[in-house]
$ cat run.cif   # mmCIF, C-alpha atoms
data_target
#
loop_
_atom_site.label_atom_id
_atom_site.label_comp_id
_atom_site.auth_asym_id
_atom_site.auth_seq_id
_atom_site.Cartn_x
_atom_site.Cartn_y
_atom_site.Cartn_z
CA MET A 1 8.68 -3.12 -15.58
CA GLU A 2 9.28 -6.74 -16.54
CA ALA A 3 10.82 -7.47 -13.14
CA VAL A 4 7.49 -6.57 -11.52
CA LEU A 5 5.40 -8.44 -14.08
CA ASP A 6 7.57 -11.54 -13.69
CA GLU A 7 6.89 -11.54 -9.95
CA TYR A 8 3.15 -11.32 -10.56
CA GLN A 9 3.28 -14.47 -12.69
CA GLN A 10 4.96 -16.59 -10.03
CA PRO A 11 2.81 -19.23 -8.26
CA HIS A 12 1.80 -18.49 -4.69
CA ASP A 13 4.29 -19.75 -2.12
CA GLU A 14 3.61 -19.39 1.60
CA GLN A 15 7.34 -19.50 2.33
CA HIS A 16 8.00 -16.71 -0.17
CA PRO A 17 4.91 -14.47 -0.22
CA LEU A 18 4.52 -11.49 -2.52
CA ILE A 19 3.56 -8.22 -0.84
CA CYS A 20 2.80 -4.95 -2.62
CA MET A 21 3.49 -1.81 -0.60
CA ASP A 22 2.46 1.79 -1.23
CA GLU A 23 1.98 5.01 0.73
CA ALA A 24 -0.54 7.84 0.75
CA SER A 25 -1.35 10.94 2.78
CA ARG A 26 -4.83 11.96 3.84
CA GLN A 27 -5.91 15.17 5.51
CA LEU A 28 -7.70 15.16 8.85
CA LEU A 29 -10.74 17.45 8.55
CA ASP A 30 -13.31 18.50 11.10
CA ASP A 31 -16.76 19.92 10.40
CA ILE A 32 -17.28 23.56 11.34
CA VAL A 33 -21.05 23.12 11.06
CA ASP A 34 -22.62 19.86 12.16
CA PRO A 35 -23.91 17.83 9.17
CA LEU A 36 -27.65 17.43 8.73
CA PRO A 37 -28.57 13.76 9.14
CA MET A 38 -30.31 11.65 6.55
CA SER A 39 -34.07 11.60 6.44
CA PRO A 40 -36.51 9.75 4.18
CA GLY A 41 -35.85 10.93 0.65
CA THR A 42 -33.02 13.25 1.70
CA PRO A 43 -29.32 12.31 1.88
CA LYS A 44 -26.97 13.46 4.60
CA ARG A 45 -25.94 17.07 4.00
CA VAL A 46 -22.43 18.30 4.81
CA ASP A 47 -21.32 21.92 4.77
CA ASP A 48 -18.46 22.65 2.38
CA LYS A 49 -16.50 24.50 5.07
CA TYR A 50 -14.14 22.54 7.29
CA GLU A 51 -11.19 22.85 9.63
CA ARG A 52 -7.81 21.27 8.82
CA CYS A 53 -6.54 19.09 11.66
CA GLY A 54 -3.30 17.73 10.23
CA VAL A 55 -2.26 14.93 7.91
CA ARG A 56 -2.25 11.17 8.39
CA SER A 57 0.30 9.02 6.56
CA LEU A 58 -0.98 5.62 5.42
CA LEU A 59 1.27 2.67 4.60
CA MET A 60 -0.48 -0.15 2.73
CA PHE A 61 0.89 -3.71 2.72
CA TYR A 62 -1.15 -5.92 0.41
CA ASP A 63 -1.03 -9.59 -0.58
CA PRO A 64 -3.01 -9.66 -3.84
CA VAL A 65 -3.08 -13.47 -3.99
CA THR A 66 -4.54 -14.31 -0.56
CA GLY A 67 -6.50 -11.07 -0.26
CA TRP A 68 -4.79 -9.86 2.92
CA ARG A 69 -3.90 -6.27 3.62
CA ARG A 70 -2.69 -4.14 6.52
CA VAL A 71 -2.93 -0.35 6.53
CA SER A 72 -0.89 1.47 9.17
CA GLY A 73 -1.58 5.08 10.04
CA ARG A 74 1.43 7.08 11.14
CA ASP A 75 2.36 10.70 11.75
CA GLY A 76 5.04 10.65 9.04
CA ARG A 77 6.54 8.79 6.09
CA THR A 78 10.21 8.81 7.08
CA ARG A 79 12.85 6.11 6.85
CA LEU A 80 12.12 5.19 10.45
CA ASP A 81 8.39 4.81 9.76
CA TRP A 82 9.04 2.54 6.79
CA ALA A 83 11.61 0.46 8.65
CA GLU A 84 9.32 -0.13 11.62
CA GLU A 85 6.46 -1.21 9.36
CA VAL A 86 8.77 -3.59 7.49
CA ARG A 87 9.91 -5.08 10.81
CA ARG A 88 6.27 -5.59 11.75
CA LEU A 89 5.57 -7.23 8.39
CA LEU A 90 8.43 -9.70 8.72
CA ASP A 91 8.31 -10.41 12.46
CA GLU A 92 4.57 -10.27 13.13
CA ASP A 93 2.62 -10.68 9.88
CA TYR A 94 4.88 -13.26 8.20
CA PRO A 95 7.16 -14.69 10.90
CA ARG A 96 7.34 -18.14 9.29
CA ALA A 97 8.20 -16.99 5.75
CA GLU A 98 11.75 -17.63 4.58
CA TYR A 99 11.67 -14.29 2.81
CA VAL A 100 9.12 -11.77 1.54
CA THR A 101 9.22 -10.20 -1.90
CA MET A 102 8.02 -6.62 -1.72
CA VAL A 103 6.96 -4.58 -4.74
CA CYS A 104 7.21 -0.86 -3.97
CA ASP A 105 8.02 2.53 -5.46
CA ASN A 106 11.66 3.48 -5.79
CA LEU A 107 11.65 6.15 -3.07
CA ASN A 108 14.74 7.02 -1.06
CA THR A 109 13.07 5.71 2.10
CA HIS A 110 12.38 2.31 0.56
CA ASP A 111 15.82 0.73 0.86
CA PHE A 112 17.89 -1.35 3.23
CA ALA A 113 19.68 1.74 4.56
CA SER A 114 16.46 2.62 6.39
CA LEU A 115 16.67 -0.62 8.35
CA TYR A 116 20.20 0.17 9.51
CA LEU A 117 19.14 3.68 10.47
CA ALA A 118 16.25 2.40 12.57
CA PHE A 119 17.76 -0.69 14.19
CA ASP A 120 21.04 -2.10 15.42
CA ALA A 121 23.18 -3.87 12.81
CA ASP A 122 22.17 -7.39 13.90
CA THR A 123 18.45 -6.63 13.70
CA ALA A 124 18.78 -4.73 10.42
CA GLY A 125 20.84 -7.53 8.89
CA ARG A 126 18.34 -10.17 9.97
CA LEU A 127 15.47 -8.23 8.40
CA ARG A 128 17.43 -7.50 5.23
CA GLN A 129 18.09 -11.20 4.67
CA ARG A 130 14.35 -11.91 4.70
CA LEU A 131 13.35 -9.10 2.33
CA ARG A 132 13.57 -8.91 -1.47
CA LEU A 133 12.82 -5.47 -2.89
CA VAL A 134 11.40 -5.15 -6.42
CA TYR A 135 10.92 -1.56 -7.53
CA THR A 136 8.36 -0.23 -9.94
CA PRO A 137 9.96 1.89 -12.71
CA LYS A 138 9.78 5.66 -12.83
CA ASN A 139 6.28 6.74 -13.96
CA GLY A 140 5.20 3.12 -13.51
CA SER A 141 3.45 3.20 -10.14
CA TRP A 142 0.35 1.78 -11.88
CA LEU A 143 2.16 -1.55 -11.78
CA ASN A 144 1.90 -1.62 -7.99
CA MET A 145 -1.28 -3.41 -6.94
CA ALA A 146 -1.11 -1.72 -3.53
CA GLU A 147 -1.82 1.57 -5.31
CA GLN A 148 -5.06 0.08 -6.61
CA GLU A 149 -6.00 -1.12 -3.15
CA LEU A 150 -5.39 2.36 -1.74
CA SER A 151 -7.83 3.63 -4.36
CA VAL A 152 -10.43 1.14 -3.11
CA LEU A 153 -9.80 2.34 0.44
CA SER A 154 -10.38 5.94 -0.64
CA ARG A 155 -13.64 5.14 -2.44
CA GLN A 156 -15.14 2.77 0.10
CA CYS A 157 -13.97 4.31 3.36
CA LEU A 158 -12.04 7.57 3.46
CA GLY A 159 -14.08 9.43 0.87
CA ARG A 160 -17.39 8.93 2.66
CA ARG A 161 -16.85 11.12 5.71
CA ARG A 162 -14.48 13.52 7.43
CA PHE A 163 -12.12 12.47 10.18
CA ALA A 164 -11.06 15.04 12.75
CA THR A 165 -8.59 12.85 14.66
CA PRO A 166 -6.11 10.07 13.83
CA GLU A 167 -8.09 7.73 16.09
CA GLN A 168 -11.27 8.24 14.08
CA MET A 169 -9.53 7.58 10.78
CA ASP A 170 -7.62 4.57 12.11
CA ALA A 171 -10.80 3.02 13.50
CA ALA A 172 -12.62 3.39 10.17
CA ILE A 173 -9.68 1.93 8.28
CA ALA A 174 -9.45 -0.99 10.72
CA ALA A 175 -13.11 -1.87 10.14
CA TRP A 176 -12.69 -1.64 6.34
CA GLN A 177 -9.53 -3.74 6.53
CA ALA A 178 -11.15 -6.43 8.68
CA ASP A 179 -14.07 -6.75 6.27
CA ARG A 180 -11.82 -6.97 3.19
CA ASN A 181 -9.55 -9.51 4.87
CA LYS A 182 -12.48 -11.63 6.03
CA ARG A 183 -13.75 -11.81 2.44
CA HIS A 184 -10.22 -12.37 1.05
CA CYS A 185 -10.61 -9.60 -1.53
CA GLY A 186 -7.59 -10.02 -3.79
CA SER A 187 -6.60 -8.95 -7.29
CA ASP A 188 -6.70 -10.82 -10.59
CA TRP A 189 -3.72 -9.35 -12.44
CA ARG A 190 -3.73 -10.37 -16.12
CA PHE A 191 -1.23 -8.00 -17.74
CA THR A 192 1.81 -10.19 -18.43
CA THR A 193 5.35 -9.66 -19.65
CA THR A 194 4.28 -10.90 -23.08
CA ASP A 195 1.46 -8.36 -23.14
CA ALA A 196 3.90 -5.58 -22.23
CA ARG A 197 6.24 -6.45 -25.09
CA ILE A 198 3.33 -6.17 -27.52
CA LYS A 199 1.17 -3.35 -26.17
CA LEU A 200 4.03 -1.20 -24.84
CA LYS A 201 6.47 -1.91 -27.65
CA SER A 202 7.16 1.81 -28.09
CA LEU A 203 8.76 1.92 -24.63
CA TYR A 204 11.40 -0.68 -25.49
CA PRO A 205 14.77 0.23 -27.07
CA LYS A 206 14.77 0.22 -30.86
CA HIS A 207 17.01 -2.17 -32.80
CA ASP A 208 17.93 -2.23 -36.45
CA ASN A 209 15.97 -5.42 -37.08
CA ASP A 210 12.77 -4.10 -35.41
#
$ encode --input "run.cif" --output "structure tokens"
Amino acid sequence: MEAVLDEYQQPHDEQHPLICMDEASRQLLDDIVDPLPMSPGTPKRVDDKYERCGVRSLLMFYDPVTGWRRVSGRDGRTRLDWAEEVRRLLDEDYPRAEYVTMVCDNLNTHDFASLYLAFDADTAGRLRQRLRLVYTPKNGSWLNMAEQELSVLSRQCLGRRRFATPEQMDAAIAAWQADRNKRHCGSDWRFTTTDARIKLKSLYPKHDND
């Protein structure tokens, strides 16, 4: 936990940006009955019956300091998916950074082995040298600010309508993302390591002099 909190307290450095990464899955749903449009004094009405059209995997990369985010929709959440999105982050989003520190959940896909599975050794090694992984602890995903940004995405975008195709969902996410990035919507994280040692004291090992 403290490893994550320590990173959040570091000053912003363009050569060493902090990126929070998290994943989610969202169902693709199509209306069986066309919704009734809004009218004066009456909200849009949607039938509770729907058709399942698959699942879309979303990978969120979020810079909480500058207020930048990128959400990629993919068909799966495999090692290869994660590796390709990391390559894009390093080579396209932050090509001039010396290295990127990434806060993410400790899943088996979130490790350097995924890079070597997806790419040749030279490419994987080059990417590995520019990536620092900092894992949230077990049952501590709340420490990942990308999880909070995914919640904002759900409330402001994905929860407002149904998407029958990946293209529809991706287009809506792209518009939401562009608006948030234009306004530089970041996060003001105030829970520090000192706070953790006081408020979460019960989680720390006990010593005789405690």
$ residues_around --input "run.cif" --residues "Thr66 (chain A)" --least-positions-apart "6" --cutoff "8 Å" --atoms "all atoms listed in the file" --output "MDAnalysis selection string"
chainID A and resid 184:186
$ resolve_selection --input "run.cif" --expression "the PyMOL selection byres ((chain A and resi 67-73) around 8)" --output "VMD selection string"
chain A and resid 56 to 66 74 to 75 85 166 170 173 to 174 177 180 to 181 183 to 187
$ closest_residue --input "run.cif" --among "A:His12, A:Arg87, A:Ala178, A:Cys53" --to "Asp30 (chain A)" --atoms "all atoms listed in the file"
A:Cys53
$ closest_residue --input "run.cif" --among "A:His207, A:Arg96, A:Arg126, A:Arg77" --to "Ser25 (chain A)" --atoms "only C-alpha atoms"
A:Arg77
$ closest_residue --input "run.cif" --among "A:Glu51, A:Asp120, A:Asp179, A:Glu2" --to "Thr193 (chain A)" --atoms "all atoms listed in the file"
A:Glu2
$ decode --input "run.cif" --residues "region 15-57 of chain A" --atoms "C-alpha atoms" --output "tab-separated table (two decimals), in the first residue's frame"
chain	number	residue	atom	x	y	z
A	15	GLN	CA	10.35	12.51	-18.09
A	16	HIS	CA	8.95	10.07	-15.53
A	17	PRO	CA	5.14	10.30	-15.69
A	18	LEU	CA	2.82	8.37	-13.40
A	19	ILE	CA	0.10	6.36	-15.13
A	20	CYS	CA	-2.66	4.42	-13.39
A	21	MET	CA	-4.01	1.45	-15.32
A	22	ASP	CA	-7.13	-0.64	-14.75
A	23	GLU	CA	-9.44	-2.94	-16.71
A	24	ALA	CA	-13.17	-3.53	-16.90
A	25	SER	CA	-15.66	-5.52	-18.96
A	26	ARG	CA	-18.93	-4.16	-20.27
A	27	GLN	CA	-21.71	-6.05	-22.00
A	28	LEU	CA	-22.90	-5.09	-25.46
A	29	LEU	CA	-26.71	-4.92	-25.39
A	30	ASP	CA	-29.22	-4.25	-28.12
A	31	ASP	CA	-32.82	-3.12	-27.67
A	32	ILE	CA	-35.48	-5.65	-28.62
A	33	VAL	CA	-38.12	-2.92	-28.63
A	34	ASP	CA	-37.20	0.54	-29.87
A	35	PRO	CA	-37.07	3.08	-27.02
A	36	LEU	CA	-39.71	5.78	-26.87
A	37	PRO	CA	-38.07	9.18	-27.37
A	38	MET	CA	-38.22	12.05	-24.95
A	39	SER	CA	-41.09	14.48	-25.13
A	40	PRO	CA	-41.91	17.58	-23.08
A	41	GLY	CA	-42.34	16.44	-19.50
A	42	THR	CA	-41.57	12.80	-20.30
A	43	PRO	CA	-38.13	11.18	-20.21
A	44	LYS	CA	-36.90	8.65	-22.73
A	45	ARG	CA	-38.43	5.24	-22.02
A	46	VAL	CA	-36.47	2.03	-22.55
A	47	ASP	CA	-37.91	-1.47	-22.40
A	48	ASP	CA	-36.30	-3.71	-19.78
A	49	LYS	CA	-35.82	-6.53	-22.30
A	50	TYR	CA	-32.63	-6.63	-24.34
A	51	GLU	CA	-30.43	-8.87	-26.45
A	52	ARG	CA	-26.87	-9.74	-25.39
A	53	CYS	CA	-24.35	-9.02	-28.15
A	54	GLY	CA	-21.08	-9.94	-26.49
A	55	VAL	CA	-18.62	-8.31	-24.11
A	56	ARG	CA	-16.19	-5.44	-24.62
A	57	SER	CA	-12.97	-5.29	-22.62
